[in-house]
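Only one structure is covered here, and it is reproduced in the block below.
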Amino acid sequence: MTNPEVQKLLVMRKAFETVKKRQKANISKIPDLQERLHRLRVVREKYVGNPDIIEIAVENLKNNGFRVKFADNTEKAVKLLLKEINEEKVVVKSKSNVTKEINLEKELESKGINVIETDIGDRLIQILGEEPSHPTGPAAHLSVDYVVKVLNERFGINLERSPHAVIEYLKQDIKKYIDKANIGITGANAITAEGSVLILHNEGNVYEVMNRPRKWIILAGIDKFYPSIDEAVNAAKIQTFFATGAVSPSFIEIVSGVSKTADIEKKLYDGVHNPKEVVLILLDNNRSYLMNNGFREMFYCIGCGNCVVHCPSYSAFGGKFKGGRFALYSALYNGESDLELCLSCGRCKKNCPLGLDIPKMISKVRRGSELYNLLVSHAKWLTRAVYLETLAVYLTLRGELS
Ligand code: SF4
Ligand code: SF4
């Protein structure tokens, strides 16, 4: 019988192949892709961590009705969140790497607050107690057969073995909590100088989360600023293509403050429908320090995860080496991810829409000589890759890996 962790790795590799095929099929539908990539790189180089744009944007955000708070570190961010959540016992949230960074779920759960994920993949791994396998496809390592088996056993239900049945089950589960929650928490894909926040999603869940009756809280890093909505939309389009292979996301929310009307005497009145109150918490958490000490380029990242999809070491080792930019980030922030497993092959850089030089930044962080690291990483990877390939062929022949 195959080790379940290895089985998950093989499922994930197949899922990543699907993304690559979709990218290949759709690339001709974005004829100006190269020009868009260049624009994005120029914008990120100029504006990431730029104090002038942050100042202008924050002033405009406040004018638009956002309450803006700054958090230097994780502890401060959690304190601000607890204050905003106050006595509520259930909050719903959407996918966000920054909430993972501050370990939001664990921090709030320790204070008796139930944090419910509303993205299908995130809710699935939350229920199953799994680790996410990819920044935008957290459940890519789970086969339908495995998910149905575990859900049926754990909850005494009788789901049929189909993606549709799993999605319907999770949708009902998520809806129950959305209806209960007065507060929603999201991240942000971009914050613009005009004072707008931009969020991408495909499932429609972000719309539900941001429209909770009491409050919408946005938690975002200080690296998310863009000079205009146009440039933020360009980033959104590129992120979507490199994350999923689709030409555009199902939804782009561009929000410039609370719900308002000027229909009575042309005077502005806030809070007609939802959201009536929007709080934006801007997190530094070592970003300024890292930007000023040789890692500014890491923050140009738009979080598409394409470096992970193309990282041979991640394909071989899974969570032990988080892949591309996420391996670097995880080593810098949490001391996790075994950087000795990086092959310095450069595939992450080649497949990054912004051409981020991840291998160079990894070399800065890992200990020991480059030659020694290269010999060890290649020897470990080769052994593992041969084992996985052989196993994949064997399982395919037995019909256990479709
Ligand atoms: S250089 Fe390292 S992180 Fe980048 S793709 Fe190769 S193994 Fe992965
Ligand atoms: S480093 Fe590049 S490829 Fe990796 S997530 Fe960031 S933008 Fe995408």
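Just remember, in the structure tokens the first chain shown is A, the second B, etc., residues are 1-based per chain, and ligands are 1-based in the order shown.
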So which residues touch region 278-282 of chain A within 9 Å, counting only C-alpha atoms, skipping near sequence neighbours fewer than 5 positions away, as a CSV table (one decimal) with N, CA and C atoms, in the first residue's frame?
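What ended up in out.csv:
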chain,number,residue,atom,x,y,z
A,61,LEU,N,-7.9,56.6,1.1
A,61,LEU,CA,-8.7,55.5,1.7
A,61,LEU,C,-9.5,56.1,2.8
A,65,GLY,N,-13.8,56.6,3.4
A,65,GLY,CA,-14.6,56.0,4.4
A,65,GLY,C,-14.0,54.7,5.1
A,66,PHE,N,-12.7,54.4,4.7
A,66,PHE,CA,-12.1,53.2,5.3
A,66,PHE,C,-11.5,53.7,6.7
A,67,ARG,N,-11.5,52.9,7.7
A,67,ARG,CA,-10.7,53.2,8.9
A,67,ARG,C,-9.4,52.4,8.7
A,68,VAL,N,-8.3,53.1,8.7
A,68,VAL,CA,-7.0,52.5,8.4
A,68,VAL,C,-6.1,52.4,9.7
A,69,LYS,N,-5.6,51.2,9.9
A,69,LYS,CA,-4.7,51.0,11.1
A,69,LYS,C,-3.4,50.4,10.6
A,70,PHE,N,-2.4,50.7,11.3
A,70,PHE,CA,-1.0,50.1,11.0
A,70,PHE,C,-0.6,49.1,12.1
A,71,ALA,N,-0.1,48.0,11.7
A,71,ALA,CA,0.4,47.0,12.7
A,71,ALA,C,1.9,46.7,12.3
A,72,ASP,N,2.8,46.9,13.3
A,72,ASP,CA,4.2,46.7,13.0
A,72,ASP,C,4.5,45.2,12.9
A,77,ALA,N,-1.1,43.2,15.1
A,77,ALA,CA,-2.2,42.9,14.2
A,77,ALA,C,-3.3,42.1,14.9
A,80,LEU,N,-5.3,44.3,17.2
A,80,LEU,CA,-6.2,45.1,16.5
A,80,LEU,C,-7.4,44.3,16.1
A,81,LEU,N,-7.2,43.1,15.6
A,81,LEU,CA,-8.3,42.3,15.1
A,81,LEU,C,-9.2,41.9,16.3
A,84,GLU,N,-11.4,44.8,17.1
A,84,GLU,CA,-12.4,45.0,16.1
A,84,GLU,C,-13.5,44.0,16.2
A,210,MET,N,-17.4,40.1,2.5
A,210,MET,CA,-17.2,41.6,2.7
A,210,MET,C,-18.6,42.2,3.0
A,215,LYS,N,-19.4,44.4,10.0
A,215,LYS,CA,-18.1,45.0,9.7
A,215,LYS,C,-17.3,44.1,8.7
A,216,TRP,N,-16.5,44.7,7.9
A,216,TRP,CA,-15.6,44.0,7.0
A,216,TRP,C,-14.2,44.5,7.4
A,217,ILE,N,-13.4,43.5,7.7
A,217,ILE,CA,-12.0,43.8,8.1
A,217,ILE,C,-11.1,43.2,7.0
A,218,ILE,N,-10.2,44.1,6.5
A,218,ILE,CA,-9.2,43.7,5.5
A,218,ILE,C,-7.8,43.7,6.1
A,219,LEU,N,-7.1,42.6,6.0
A,219,LEU,CA,-5.7,42.6,6.5
A,219,LEU,C,-4.8,42.5,5.3
A,220,ALA,N,-3.9,43.4,5.1
A,220,ALA,CA,-3.0,43.4,3.9
A,220,ALA,C,-1.6,43.9,4.3
A,221,GLY,N,-0.6,43.3,3.6
A,221,GLY,CA,0.8,43.8,3.8
A,221,GLY,C,1.0,45.1,3.2
A,222,ILE,N,2.1,45.8,3.7
A,222,ILE,CA,2.4,47.1,3.1
A,222,ILE,C,3.0,47.1,1.7
A,257,GLY,N,-14.4,52.2,-0.3
A,257,GLY,CA,-15.1,52.7,0.9
A,257,GLY,C,-16.4,52.0,1.2
A,258,VAL,N,-17.2,52.6,2.1
A,258,VAL,CA,-18.4,52.0,2.6
A,258,VAL,C,-19.5,52.3,1.5
Neighbourhood of ligand 2 at 8 Å, counting only C-alpha atoms and all ligand atoms, reported as a PyMOL selection string: chain A and resi 135+239+242-243+298+300-308+324-326+348-349+351-356+358
Could you save those same residues with N, CA and C atoms as a tab-separated table (two decimals), in the first residue's frame?
chain	number	residue	atom	x	y	z
A	135	PRO	N	-0.39	28.05	-2.87
A	135	PRO	CA	-0.99	29.30	-2.39
A	135	PRO	C	-2.37	29.60	-2.97
A	239	GLN	N	-1.94	37.75	-12.49
A	239	GLN	CA	-1.97	36.77	-11.40
A	239	GLN	C	-2.91	35.61	-11.74
A	242	PHE	N	-1.37	33.24	-14.42
A	242	PHE	CA	-0.26	32.40	-13.95
A	242	PHE	C	-0.67	31.48	-12.79
A	243	ALA	N	-1.76	31.81	-12.11
A	243	ALA	CA	-2.22	30.94	-11.02
A	243	ALA	C	-3.08	29.80	-11.51
A	298	MET	N	11.72	40.31	-3.32
A	298	MET	CA	10.77	39.26	-2.90
A	298	MET	C	9.34	39.84	-2.79
A	300	TYR	N	7.97	42.10	-4.66
A	300	TYR	CA	7.31	42.40	-5.94
A	300	TYR	C	6.28	41.32	-6.25
A	301	CYS	N	6.43	40.19	-5.61
A	301	CYS	CA	5.61	39.00	-5.86
A	301	CYS	C	4.11	39.31	-5.83
A	302	ILE	N	3.36	38.72	-6.78
A	302	ILE	CA	1.91	38.92	-6.81
A	302	ILE	C	1.18	37.65	-6.34
A	303	GLY	N	1.93	36.67	-5.85
A	303	GLY	CA	1.32	35.50	-5.22
A	303	GLY	C	0.62	34.53	-6.16
A	304	CYS	N	1.07	34.45	-7.42
A	304	CYS	CA	0.38	33.56	-8.37
A	304	CYS	C	0.69	32.08	-8.12
A	305	GLY	N	1.86	31.81	-7.53
A	305	GLY	CA	2.23	30.42	-7.23
A	305	GLY	C	2.82	29.66	-8.40
A	306	ASN	N	3.09	30.35	-9.53
A	306	ASN	CA	3.62	29.62	-10.70
A	306	ASN	C	5.02	29.07	-10.42
A	307	CYS	N	5.77	29.75	-9.54
A	307	CYS	CA	7.11	29.25	-9.19
A	307	CYS	C	7.00	27.90	-8.49
A	308	VAL	N	5.93	27.71	-7.72
A	308	VAL	CA	5.73	26.44	-7.00
A	308	VAL	C	5.39	25.33	-7.99
A	324	GLY	N	9.93	27.59	-4.72
A	324	GLY	CA	10.08	28.95	-5.23
A	324	GLY	C	10.09	30.00	-4.14
A	325	ARG	N	9.33	31.05	-4.37
A	325	ARG	CA	9.28	32.19	-3.45
A	325	ARG	C	8.77	31.77	-2.06
A	326	PHE	N	7.92	30.75	-2.03
A	326	PHE	CA	7.32	30.34	-0.76
A	326	PHE	C	8.33	29.62	0.13
A	348	CYS	N	12.11	28.56	-11.18
A	348	CYS	CA	11.17	29.50	-10.54
A	348	CYS	C	11.31	30.88	-11.19
A	349	LYS	N	12.56	31.30	-11.37
A	349	LYS	CA	12.81	32.62	-11.98
A	349	LYS	C	12.27	32.66	-13.41
A	351	ASN	N	9.89	30.96	-14.74
A	351	ASN	CA	8.43	30.87	-14.84
A	351	ASN	C	7.69	31.91	-14.02
A	352	CYS	N	8.43	32.82	-13.41
A	352	CYS	CA	7.79	33.88	-12.63
A	352	CYS	C	7.41	35.01	-13.59
A	353	PRO	N	6.16	35.48	-13.55
A	353	PRO	CA	5.77	36.55	-14.48
A	353	PRO	C	6.62	37.80	-14.30
A	354	LEU	N	7.21	37.96	-13.11
A	354	LEU	CA	8.03	39.14	-12.86
A	354	LEU	C	9.52	38.84	-12.94
A	355	GLY	N	9.85	37.59	-13.22
A	355	GLY	CA	11.26	37.20	-13.30
A	355	GLY	C	12.01	37.36	-11.99
A	356	LEU	N	11.35	37.15	-10.87
A	356	LEU	CA	12.03	37.34	-9.57
A	356	LEU	C	13.19	36.36	-9.42
A	358	ILE	N	14.61	34.34	-7.43
A	358	ILE	CA	14.47	33.56	-6.19
A	358	ILE	C	15.75	32.78	-5.87
Nearest-residue call for ligand 1, choices A:Asp338, A:Glu389, A:Glu208, A:Glu75, using only C-alpha atoms and all ligand atoms: A:Asp338
Do you have the CA of Ala181 (chain A)-CA of Pro249 (chain A) distance handy?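 Separation between CA of Ala181 (chain A) and CA of Pro249 (chain A): 26.0 Å.
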Can I get the residues of chain A within 6 Å of ligand 1, each with the closest pair of atoms and their distance in Å to one decimal, using only C-alpha atoms and all ligand atoms, sorted chain first then ascending number, as a Markdown table?
| residue | atom | partner | partner_atom_place_in_ligand_line | distance |
| --- | --- | --- | --- | --- |
| A:Cys311 | CA | ligand 1 | 5 (S) | 3.7 |
| A:Pro312 | CA | ligand 1 | 7 (S) | 5.7 |
| A:Ser313 | CA | ligand 1 | 7 (S) | 4.8 |
| A:Gly323 | CA | ligand 1 | 3 (S) | 5.1 |
| A:Gly324 | CA | ligand 1 | 3 (S) | 3.7 |
| A:Cys342 | CA | ligand 1 | 2 (Fe) | 3.8 |
| A:Leu343 | CA | ligand 1 | 7 (S) | 4.1 |
| A:Ser344 | CA | ligand 1 | 1 (S) | 3.7 |
| A:Cys345 | CA | ligand 1 | 6 (Fe) | 4.0 |
| A:Gly346 | CA | ligand 1 | 1 (S) | 4.2 |
| A:Arg347 | CA | ligand 1 | 5 (S) | 4.2 |
| A:Cys348 | CA | ligand 1 | 5 (S) | 4.0 |
| A:Pro359 | CA | ligand 1 | 1 (S) | 4.6 |
With N, CA and C atoms retained, export the selected residues as a PDB file, in the first residue's frame.
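Now in result-v2.pdb:
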ATOM      1  N   CYS A 311       8.530  24.145  -9.664  1.00  0.00           N
ATOM      2  CA  CYS A 311       9.714  23.845  -8.848  1.00  0.00           C
ATOM      3  C   CYS A 311       9.913  22.321  -8.728  1.00  0.00           C
ATOM      4  N   PRO A 312      10.983  21.779  -9.302  1.00  0.00           N
ATOM      5  CA  PRO A 312      11.172  20.322  -9.254  1.00  0.00           C
ATOM      6  C   PRO A 312      11.375  19.804  -7.835  1.00  0.00           C
ATOM      7  N   SER A 313      11.954  20.623  -6.978  1.00  0.00           N
ATOM      8  CA  SER A 313      12.191  20.157  -5.618  1.00  0.00           C
ATOM      9  C   SER A 313      10.873  20.081  -4.829  1.00  0.00           C
ATOM     10  N   GLY A 323       8.817  25.430  -2.113  1.00  0.00           N
ATOM     11  CA  GLY A 323       8.886  25.751  -3.533  1.00  0.00           C
ATOM     12  C   GLY A 323       9.003  27.231  -3.839  1.00  0.00           C
ATOM     13  N   GLY A 324       9.935  27.588  -4.719  1.00  0.00           N
ATOM     14  CA  GLY A 324      10.082  28.951  -5.228  1.00  0.00           C
ATOM     15  C   GLY A 324      10.087  30.004  -4.137  1.00  0.00           C
ATOM     16  N   CYS A 342      16.961  23.207  -2.329  1.00  0.00           N
ATOM     17  CA  CYS A 342      16.862  23.989  -3.573  1.00  0.00           C
ATOM     18  C   CYS A 342      17.977  23.574  -4.532  1.00  0.00           C
ATOM     19  N   LEU A 343      17.594  23.311  -5.785  1.00  0.00           N
ATOM     20  CA  LEU A 343      18.558  22.826  -6.785  1.00  0.00           C
ATOM     21  C   LEU A 343      19.274  23.962  -7.517  1.00  0.00           C
ATOM     22  N   SER A 344      18.927  25.194  -7.178  1.00  0.00           N
ATOM     23  CA  SER A 344      19.448  26.381  -7.901  1.00  0.00           C
ATOM     24  C   SER A 344      19.239  26.232  -9.409  1.00  0.00           C
ATOM     25  N   CYS A 345      18.155  25.581  -9.798  1.00  0.00           N
ATOM     26  CA  CYS A 345      17.939  25.290 -11.219  1.00  0.00           C
ATOM     27  C   CYS A 345      17.399  26.502 -11.990  1.00  0.00           C
ATOM     28  N   GLY A 346      16.845  27.475 -11.273  1.00  0.00           N
ATOM     29  CA  GLY A 346      16.365  28.689 -11.939  1.00  0.00           C
ATOM     30  C   GLY A 346      15.000  28.573 -12.581  1.00  0.00           C
ATOM     31  N   ARG A 347      14.306  27.441 -12.392  1.00  0.00           N
ATOM     32  CA  ARG A 347      12.994  27.302 -13.053  1.00  0.00           C
ATOM     33  C   ARG A 347      11.954  28.251 -12.452  1.00  0.00           C
ATOM     34  N   CYS A 348      12.108  28.558 -11.177  1.00  0.00           N
ATOM     35  CA  CYS A 348      11.170  29.500 -10.541  1.00  0.00           C
ATOM     36  C   CYS A 348      11.311  30.881 -11.185  1.00  0.00           C
ATOM     37  N   PRO A 359      16.339  32.078  -6.882  1.00  0.00           N
ATOM     38  CA  PRO A 359      17.541  31.297  -6.548  1.00  0.00           C
ATOM     39  C   PRO A 359      18.636  32.157  -5.916  1.00  0.00           C
TER      40      PRO A 359
END
Residue contacts of Ala165 (chain A) (12 Å, only C-alpha atoms) excluding same-chain residues fewer than 5 positions away, as a count of residues only: 13
Contacts of Phe251 (chain A) within 9 Å, only C-alpha atoms, excl. fewer than 3 positions in-chain, as number ranges by chain: A: 199-204, 248
So how far away is CA of Lys89 (chain A) from CA of Asp173 (chain A), in Å?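 Distance between the two atoms: 17.1 Å.
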For region 153-156 of chain A: contacts at 12 Å, only C-alpha atoms, fewer than 3 positions along chain excluded, given as an NGL selection string: :A and (127-129 or 146-150 or 159 or 169)
